[in-house]
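Colleague: Pasting protein-v4.cif below, which is mmCIF, C-alpha atoms (C1' of nucleotides).
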data_target
loop_
_atom_site.label_atom_id
_atom_site.label_comp_id
_atom_site.auth_asym_id
_atom_site.auth_seq_id
_atom_site.Cartn_x
_atom_site.Cartn_y
_atom_site.Cartn_z
CA MET G 1 -47.80 20.15 17.20
CA LYS G 2 -47.63 16.75 18.87
CA LEU G 3 -44.56 14.63 18.32
CA ALA G 4 -44.23 11.05 19.49
CA THR G 5 -41.92 8.06 19.51
CA TRP G 6 -42.88 4.39 19.65
CA ASN G 7 -40.85 1.22 19.36
CA VAL G 8 -43.52 -1.01 17.81
CA ASN G 9 -41.52 -4.30 17.78
CA SER G 10 -42.54 -5.25 14.22
CA LEU G 11 -44.67 -2.88 12.16
CA GLY G 12 -46.06 -5.91 10.31
CA VAL G 13 -47.67 -7.14 13.50
CA ARG G 14 -48.46 -3.74 15.01
CA LEU G 15 -49.74 -1.74 11.99
CA PRO G 16 -53.42 -2.01 13.02
CA GLN G 17 -52.54 -0.78 16.51
CA VAL G 18 -50.46 2.07 15.11
CA LEU G 19 -53.24 3.20 12.78
CA ASP G 20 -55.77 2.94 15.61
CA TRP G 21 -53.56 4.95 17.97
CA LEU G 22 -52.86 7.63 15.37
CA SER G 23 -56.59 8.12 14.79
CA LYS G 24 -57.19 8.99 18.44
CA ASP G 25 -56.22 11.73 20.81
CA PRO G 26 -53.17 10.43 22.74
CA LEU G 27 -53.92 12.82 25.59
CA SER G 28 -57.56 11.97 26.07
CA GLN G 29 -58.29 9.42 28.77
CA GLU G 30 -61.54 8.53 27.03
CA GLN G 31 -59.60 7.82 23.84
CA GLU G 32 -62.55 8.99 21.78
CA VAL G 33 -62.11 9.06 18.04
CA THR G 34 -61.54 12.70 17.24
CA PRO G 35 -60.10 13.01 13.73
CA GLY G 36 -57.12 15.31 13.49
CA SER G 37 -56.39 15.28 17.20
CA GLY G 38 -53.76 12.52 17.05
CA VAL G 39 -50.06 13.10 16.85
CA ASP G 40 -48.62 15.12 13.95
CA VAL G 41 -45.27 13.34 13.81
CA LEU G 42 -44.49 9.79 14.91
CA ALA G 43 -41.04 8.23 14.96
CA ILE G 44 -41.21 4.44 14.82
CA GLN G 45 -38.48 1.99 15.75
CA GLU G 46 -38.06 -1.73 15.14
CA THR G 47 -40.21 -1.88 12.02
CA LYS G 48 -38.42 -5.19 11.29
CA THR G 49 -39.31 -4.92 7.64
CA THR G 50 -37.48 -4.31 4.37
CA ASP G 51 -38.40 -1.17 2.43
CA ASP G 52 -40.21 -3.14 -0.29
CA LYS G 53 -42.57 -4.54 2.34
CA PHE G 54 -43.11 -1.29 4.24
CA PRO G 55 -46.88 -0.56 4.54
CA ALA G 56 -46.54 2.72 2.64
CA LYS G 57 -50.00 2.65 1.08
CA GLU G 58 -51.84 2.04 4.34
CA LEU G 59 -50.03 4.89 6.07
CA SER G 60 -50.37 7.26 3.10
CA ASP G 61 -54.08 6.48 2.93
CA ALA G 62 -54.29 7.41 6.62
CA GLY G 63 -53.00 10.86 5.67
CA PHE G 64 -49.32 10.66 6.52
CA HIS G 65 -46.17 11.64 4.71
CA ILE G 66 -43.69 8.85 5.31
CA ALA G 67 -39.97 8.22 5.34
CA PHE G 68 -38.54 4.83 6.18
CA HIS G 69 -35.29 2.96 6.39
CA GLY G 70 -35.56 -0.74 7.00
CA GLN G 71 -33.80 -4.06 6.81
CA LYS G 72 -34.64 -7.71 7.14
CA THR G 73 -35.60 -9.18 10.54
CA TYR G 74 -34.09 -6.54 12.83
CA ASN G 75 -34.06 -2.78 13.47
CA GLY G 76 -35.74 -0.50 10.95
CA VAL G 77 -36.97 3.07 11.56
CA ALA G 78 -39.58 5.39 10.08
CA ILE G 79 -41.08 8.85 10.44
CA LEU G 80 -44.77 9.53 9.80
CA SER G 81 -45.96 13.11 9.53
CA LYS G 82 -49.10 15.04 8.72
CA TYR G 83 -46.81 17.70 7.22
CA PRO G 84 -44.33 17.23 4.39
CA LEU G 85 -40.98 15.67 5.22
CA GLU G 86 -37.99 17.48 3.79
CA ASN G 87 -34.33 16.54 3.46
CA VAL G 88 -34.63 12.91 4.58
CA VAL G 89 -31.34 11.38 5.74
CA LYS G 90 -30.84 7.73 6.64
CA ASN G 91 -28.44 6.57 9.36
CA ILE G 92 -25.45 8.57 10.62
CA PRO G 93 -23.53 9.94 7.63
CA GLY G 94 -19.91 8.85 7.71
CA PHE G 95 -20.53 6.06 10.22
CA ASP G 96 -20.35 2.72 8.46
CA ASP G 97 -23.27 0.72 9.86
CA GLU G 98 -25.13 -2.24 8.39
CA MET G 99 -28.02 -1.69 10.78
CA ALA G 100 -30.94 0.61 9.96
CA ARG G 101 -31.18 2.67 13.14
CA VAL G 102 -31.63 6.35 12.32
CA ILE G 103 -33.84 8.47 10.08
CA SER G 104 -34.06 12.26 9.97
CA ALA G 105 -36.34 14.77 8.28
CA THR G 106 -37.30 18.41 8.60
CA VAL G 107 -40.95 19.08 9.50
CA ASN G 108 -42.24 22.67 9.65
CA GLY G 109 -38.67 23.91 10.17
CA VAL G 110 -37.90 21.46 12.97
CA ARG G 111 -35.22 18.85 12.41
CA VAL G 112 -36.67 15.56 13.63
CA ILE G 113 -34.33 12.65 14.27
CA GLY G 114 -35.77 9.24 15.04
CA ALA G 115 -33.32 6.69 16.41
CA TYR G 116 -33.18 3.11 17.60
CA PHE G 117 -30.12 3.02 19.83
CA PRO G 118 -28.25 -0.30 20.12
CA ASN G 119 -29.33 -2.55 22.96
CA GLY G 120 -25.83 -3.47 24.06
CA GLN G 121 -26.85 -6.82 25.53
CA ALA G 122 -24.36 -6.82 28.46
CA PRO G 123 -21.58 -4.48 29.61
CA ASP G 124 -18.86 -7.05 28.86
CA SER G 125 -20.13 -7.97 25.38
CA GLU G 126 -19.03 -7.08 21.84
CA LYS G 127 -22.47 -5.53 21.36
CA PHE G 128 -21.72 -3.10 24.18
CA VAL G 129 -18.51 -2.08 22.41
CA TYR G 130 -20.59 -1.41 19.28
CA LYS G 131 -23.09 0.57 21.36
CA MET G 132 -20.30 2.81 22.66
CA ARG G 133 -18.92 3.36 19.13
CA TRP G 134 -22.41 4.11 17.84
CA LEU G 135 -23.09 6.59 20.66
CA THR G 136 -19.83 8.42 19.95
CA ALA G 137 -20.68 8.65 16.25
CA LEU G 138 -24.21 9.88 17.04
CA HIS G 139 -22.86 12.55 19.41
CA ASP G 140 -20.31 13.88 16.94
CA TRP G 141 -22.89 13.99 14.14
CA ILE G 142 -25.64 15.60 16.25
CA LYS G 143 -23.19 18.29 17.37
CA VAL G 144 -22.74 19.39 13.75
CA GLU G 145 -26.42 18.98 12.85
CA LEU G 146 -27.55 21.09 15.80
CA GLU G 147 -25.39 23.96 14.60
CA LYS G 148 -27.06 23.71 11.20
CA THR G 149 -30.65 23.40 12.49
CA PRO G 150 -30.94 24.62 16.10
CA LYS G 151 -34.61 23.65 16.31
CA MET G 152 -34.25 19.92 16.80
CA VAL G 153 -35.99 16.94 18.37
CA LEU G 154 -33.99 13.75 18.95
CA MET G 155 -36.34 10.97 19.92
CA GLY G 156 -36.57 7.22 19.94
CA ASP G 157 -35.68 4.08 21.83
CA PHE G 158 -32.46 5.13 23.54
CA ASN G 159 -31.98 1.88 25.45
CA ILE G 160 -30.52 3.97 28.30
CA THR G 161 -32.07 5.12 31.58
CA PHE G 162 -31.17 8.56 32.92
CA ASP G 163 -31.18 7.68 36.61
CA ALA G 164 -32.78 5.59 39.36
CA ARG G 165 -36.20 7.17 38.76
CA ASP G 166 -36.28 5.42 35.38
CA VAL G 167 -35.69 1.94 36.82
CA TRP G 168 -38.20 -0.25 38.67
CA ASP G 169 -35.47 -1.78 40.86
CA PRO G 170 -32.49 0.59 40.73
CA VAL G 171 -30.56 -1.32 43.39
CA SER G 172 -30.54 -4.78 41.83
CA LEU G 173 -30.24 -3.38 38.28
CA GLU G 174 -27.38 -0.99 39.03
CA GLY G 175 -24.62 -1.44 36.46
CA THR G 176 -26.65 -3.76 34.25
CA ILE G 177 -27.39 -2.97 30.62
CA HIS G 178 -29.31 0.31 30.16
CA CYS G 179 -28.15 1.38 33.61
CA THR G 180 -24.35 1.52 33.31
CA VAL G 181 -22.19 4.55 34.08
CA GLU G 182 -20.79 4.42 30.54
CA GLU G 183 -24.20 4.53 28.85
CA ARG G 184 -25.42 7.33 31.10
CA ALA G 185 -22.25 9.34 30.40
CA HIS G 186 -23.05 9.13 26.69
CA LEU G 187 -26.63 10.23 27.35
CA LYS G 188 -25.40 13.19 29.40
CA ALA G 189 -22.98 14.11 26.60
CA LEU G 190 -25.94 14.33 24.22
CA ILE G 191 -27.86 16.51 26.69
CA ASP G 192 -24.78 18.71 27.10
CA LEU G 193 -24.83 19.48 23.38
CA GLY G 194 -27.91 21.58 24.16
CA PHE G 195 -30.93 19.39 24.81
CA THR G 196 -33.40 18.78 27.58
CA ASP G 197 -35.22 15.56 28.53
CA ALA G 198 -38.77 16.64 27.70
CA PHE G 199 -40.33 14.22 30.17
CA ARG G 200 -38.54 15.68 33.21
CA GLU G 201 -39.51 19.24 32.27
CA PHE G 202 -42.87 18.51 33.87
CA ASP G 203 -44.21 17.05 37.09
CA GLN G 204 -44.56 13.30 36.64
CA ALA G 205 -45.88 10.50 38.76
CA GLU G 206 -43.30 8.14 40.23
CA LYS G 207 -42.49 4.81 38.59
CA ASN G 208 -43.31 6.04 35.11
CA TYR G 209 -41.79 3.73 32.49
CA SER G 210 -41.92 3.21 28.71
CA TRP G 211 -40.91 -0.46 28.46
CA TRP G 212 -41.88 -3.61 30.33
CA ASP G 213 -40.62 -7.15 29.70
CA TYR G 214 -43.15 -9.51 28.16
CA ARG G 215 -42.31 -12.08 30.82
CA GLU G 216 -43.24 -12.43 34.47
CA PHE G 217 -46.29 -10.15 34.18
CA ALA G 218 -43.84 -7.25 34.22
CA PHE G 219 -46.39 -4.69 32.98
CA LYS G 220 -49.03 -5.73 35.48
CA ARG G 221 -46.43 -5.46 38.27
CA ASN G 222 -45.02 -2.23 36.76
CA ARG G 223 -41.52 -3.67 36.57
CA GLY G 224 -40.34 -1.40 33.79
CA LEU G 225 -37.70 0.98 32.52
CA ARG G 226 -37.93 4.45 31.00
CA ILE G 227 -35.70 4.06 27.96
CA ASP G 228 -37.74 5.85 25.27
CA HIS G 229 -36.98 9.54 25.26
CA ILE G 230 -37.71 12.84 23.53
CA LEU G 231 -34.80 15.27 23.65
CA VAL G 232 -35.68 18.85 22.74
CA SER G 233 -33.03 21.38 21.71
CA ASN G 234 -32.60 24.51 23.80
CA GLN G 235 -33.89 26.71 21.00
CA LEU G 236 -37.13 24.70 20.79
CA ARG G 237 -37.51 24.20 24.52
CA PRO G 238 -39.59 27.36 25.17
CA ASN G 239 -42.27 25.93 22.87
CA LEU G 240 -42.58 22.68 24.82
CA THR G 241 -45.91 22.51 26.69
CA GLN G 242 -46.32 18.88 27.77
CA CYS G 243 -44.69 15.45 27.72
CA VAL G 244 -46.46 12.22 28.67
CA ILE G 245 -46.13 8.47 28.35
CA ASP G 246 -49.27 6.83 26.97
CA LYS G 247 -49.45 3.45 28.68
CA ARG G 248 -52.70 2.39 27.03
CA PRO G 249 -51.24 0.65 23.96
CA ARG G 250 -49.28 -1.62 26.30
CA LYS G 251 -52.65 -3.04 27.41
CA ASN G 252 -53.62 -4.06 23.87
CA GLU G 253 -53.83 -7.67 22.75
CA ARG G 254 -50.42 -8.61 21.33
CA PRO G 255 -48.87 -5.31 22.47
CA SER G 256 -45.41 -4.00 21.73
CA ASP G 257 -43.21 -4.22 24.82
CA HIS G 258 -42.71 -0.44 24.47
CA THR G 259 -45.38 2.23 24.71
CA PRO G 260 -45.48 5.69 23.07
CA VAL G 261 -44.03 8.90 24.50
CA ILE G 262 -45.59 12.17 23.34
CA ALA G 263 -44.34 15.75 23.47
CA CYS G 264 -46.54 18.76 22.71
CA PHE G 265 -45.35 22.12 21.36
CA LYS G 266 -47.03 25.48 21.00
"C1'" DA A 1 -31.38 -19.54 36.81
"C1'" DT A 2 -30.38 -17.30 30.87
"C1'" DG A 3 -35.91 -19.14 31.60
"C1'" DC A 4 -40.17 -16.82 32.02
"C1'" DC A 5 -42.55 -13.76 26.35
"C1'" DT A 6 -42.52 -12.29 21.50
"C1'" DC A 7 -40.94 -11.84 16.80
"C1'" DA A 8 -38.62 -13.12 12.26
"C1'" DG A 9 -37.02 -16.61 9.52
"C1'" DC A 10 -33.08 -20.75 5.51
"C1'" DT A 11 -39.69 -21.73 10.82
"C1'" DC A 12 -41.35 -26.81 14.83
"C1'" DC A 13 -35.82 -24.46 16.68
"C1'" DT A 14 -32.63 -20.42 17.15
"C1'" DG A 15 -31.07 -15.60 17.97
"C1'" DA A 16 -32.20 -11.41 19.81
"C1'" DG A 17 -34.55 -8.27 22.42
"C1'" DA A 18 -33.92 -5.31 27.21
#
Write the structure described by the file as structure tokens, please.
Modeller:
Amino acid sequence: MKLATWNVNSLGVRLPQVLDWLSKDPLSQEQEVTPGSGVDVLAIQETKTTDDKFPAKELSDAGFHIAFHGQKTYNGVAILSKYPLENVVKNIPGFDDEMARVISATVNGVRVIGAYFPNGQAPDSEKFVYKMRWLTALHDWIKVELEKTPKMVLMGDFNITFDARDVWDPVSLEGTIHCTVEERAHLKALIDLGFTDAFREFDQAEKNYSWWDYREFAFKRNRGLRIDHILVSNQLRPNLTQCVIDKRPRKNERPSDHTPVIACFK
DNA sequence: ATGCCTCAGCTCCTGAGA
């Protein structure tokens, strides 16, 4: 099983790229078309589309079961899966939120949660206050969910870096949004519920990021952040065999500013 | 420096992203 997460920054714009990527082997450098070798489950963030405009037919025709939770202009999340999606839940139950940020489903006995964490804008902003509230609500909900379904994957655009390794310039960006002590404490609290950061379970090259600003040739200069993560629960961790970031879609024409992260399980 | 890109929308500017 291959699971992946990708913030596509508008599914309306990126659908052809998503379909193309799904049809190929994300681990093959040649990127040859090998049907059936693509990812089995993809969590998508920032669909930026209402449910009535979601490209359900195109994705179903490509062979995927789909669950989606969208809104106008901003946010919006979805899960695509080659296997049936059971018990779909939208957002964090009990947390009153106008924004479509979370979608969950069970796939082959694994609880898959796809999430688009709030950006937070700046540490002294109202949006940061909302981010902290949202993170607390997520933590408290995940704690209960994990007891119910110990085989769990929590993945998505976290909008938080773990440490200096995830930041292209950790000195100048220390304490800025995505790199604050408060955000990282929340991320650690999630890990402490019983998860591991799949990416760091394996040897990785240095300066490996999942997002680059559109401006200032940031991708070409590799000025990025690793803010897209796949957290694997302790009970599922022994099955984890690989975790990679696929930078190739960031080289596309009209790319998303994020690129996919993939985790493989035996 | 709050712009440099990119996207959506009450669209030829603005808000937001990260």
Colleague: So which one's closest to DA18 of chain A, G:Arg200, G:His178, G:Arg237, G:Lys251? Using only C-alpha atoms (C1' of nucleotides), please.
Modeller: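 Smallest distance to DA18 of chain A is found for G:His178.
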Colleague: For a test of reading the model, state the distance in Å between atom CA of Asn208 of chain G and atom CA of Arg165 of chain G, rounded to one decimal.
Modeller: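 Computing it gives 8.1 Å between the two atoms.
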Colleague: With a distance cut-off of 6 Å and only C-alpha atoms (C1' of nucleotides), select the neighbouring residues of segment 1-13 of chain A, excluding the residue or stretch itself and same-chain residues fewer than 3 positions from it, and output the selection as a count of residues only.
Modeller: 4
Colleague: I'd like to know which of G:Lys90, G:Lys127, G:Lys53, G:Arg226 is closest to DA16 of chain A, using all atoms listed in the file.
Modeller: G:Lys127
Colleague: Identify every residue of chain G that has at least one atom within 12 Å of any atom of chain A, counting only C-alpha atoms (C1' of nucleotides), and report the result as a PyMOL selection string.
Modeller: chain G and resi 7-14+46-50+71-75+117-122+127+157-161+173+176-179+210-219+224-228+254-258
Colleague: Selected by the PyMOL selection byres ((chain G and resi 108-114) around 6) in the shown coordinates: which residues, as an MDAnalysis selection string?
Modeller: chainID G and resid 43 102:107 115 151:156
Colleague: How many Å separate atom CA of Ala67 of chain G from atom CA of Leu80 of chain G?
Modeller: 6.7 Å
Colleague: Could you pull out every residue with an atom within 10 Å of (-54.4, 4.8, 18.8), file coordinates, counting all atoms listed in the file, and send them as a VMD selection string?
Modeller: chain G and resid 16 to 26 31 to 33 38 to 39 246 248 to 249 260
Colleague: Take the PyMOL selection byres ((chain G and resi 187) around 9), run it mentally on this structure, and tell me the resulting residues as a PyMOL selection string.
Modeller: chain G and resi 135+158+160-162+182-186+188-192
Colleague: Work out how far atom CA of Leu85 of chain G is from atom CA of Gln45 of chain G, in Å to one decimal.
Modeller: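 Distance between the two atoms: 17.4 Å.
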Colleague: Grab all the atoms of segment 215-233 of chain G that the file lists, wrap them in a box along x, y and z, add 4 Å per side, and give me centre plus edge lengths in Å (one decimal) as JSON.
Modeller:
{"center_x": -41.0, "center_y": 4.5, "center_z": 30.0, "size_x": 24.0, "size_y": 41.8, "size_z": 24.6}
